[in-house]
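Just below is one structure, and these are the notes that go with it.
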Amino acid sequence: MKLTNEETQKIEQLLRDSSYAKYHKRLQIIYFRSKGKSYKEIMDLLDCNKTTVWRNLKKYKEFGLESLLQETRGGRHREYMTYEEEQAFLKRHIEAAQAGEFVTVNQLFEAYQKEIGRTSTRDGFYCLLKRHGWRTVTLDLNIPRRQALRQLRRLKIKSTFETLSKRFKEEGTYNKVRLMYQDEAGFGRISKMSSCWAPQGIRP
């Protein structure tokens, strides 16, 4: 395998560039082969198999140097939307939620399938959300003691506040409290909390 002086200089330059480190083995295969080394010598020098050597040499001959500087493994080869289209899609629904509409992940999933015009897996949609910084969060009902006392003061529940304040002073185990509210008829409720999806910077 013969290379021109220009091709050899280009490969040597890329081998000295640390930003192309993940492609160095591919480039070294071409470089060593151009210097007359056999498959066996290249395999021993680079600790790779014969298929890897053959595949990279074939790719270089057919498509040139640029084909070796592209990551072909992984990636989104079957994407339904571009990254920008996904951003626009999520932005519309975030704005709708901020305007007061009730938006759930199920509604988002259905809207997404309608947008792409085909069915999709829920796991794939969750990957889309994670790709844009969304995560599952749960409302934290364990309010720190000082914050709880401030809330009680603001609500002006004097008798309750005085009782709790006394218990906080006498007992060392009350590091956190859970606030429960009831209406004038005495009906109160705490719903079972579950996690929900939310973008970075927003909590339920």
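Ligands are numbered from 1 in the order shown, residues from 1 within each chain, and chains are lettered A, B, ... in the order they appear in the structure tokens.
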Problem set entry | region 61-70 of chain A environment, 8 Å, only C-alpha atoms, sequence neighbours closer than 3 positions dropped, as number ranges by chain | A: 20, 23, 26-27, 56-58
Can those selected residues be exported to a file as a PDB file, in the first residue's frame so that it contains C-alpha atoms?
```
ATOM      1  CA  TYR A  20      -7.989  12.653  17.433  1.00  0.00           C
ATOM      2  CA  TYR A  23      -8.937   7.427  15.933  1.00  0.00           C
ATOM      3  CA  ARG A  26      -7.163   3.363  12.695  1.00  0.00           C
ATOM      4  CA  LEU A  27      -4.610   5.871  11.441  1.00  0.00           C
ATOM      5  CA  ASN A  56      -9.901  -0.116   8.133  1.00  0.00           C
ATOM      6  CA  LEU A  57      -7.649  -0.612   5.112  1.00  0.00           C
ATOM      7  CA  LYS A  58     -10.681  -1.354   2.947  1.00  0.00           C
TER       8      LYS A  58
END
```
Exercise. With distances taken over only C-alpha atoms, which of A:Met81, A:Ile30, A:Val137, A:Ala198 is nearest to His93 (chain A)?
Worked result: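 Result for the nearest residue to His93 (chain A): A:Ala198.
The shell of residues at most 7 Å from region 105-115 of chain A, with only C-alpha atoms counted and near chain neighbours (fewer than 4 positions) removed, consists of Thr119, Ser120, Phe125 and Trp197 of chain A.
One finds CA of Lys59 (chain A) at 19.1 Å from CA of Lys40 (chain A).
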Exercise. What is the CA of Lys10 (chain A)-CA of Gln28 (chain A) distance in Å, reported with one decimal?
Worked result: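 For CA of Lys10 (chain A) relative to CA of Gln28 (chain A), the distance reads 12.1 Å.
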For this session: Can you work out the spacing between CA of Gln200 (chain A) and CA of Glu71 (chain A) in Å, to one decimal?
Result: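 We find that CA of Gln200 (chain A) and CA of Glu71 (chain A) lie 29.0 Å from each other.
Residue nearest Asp47 (chain A), chosen from A:Ile29, A:Ile202, A:Leu3, A:Leu128 and counting only C-alpha atoms: A:Ile29.
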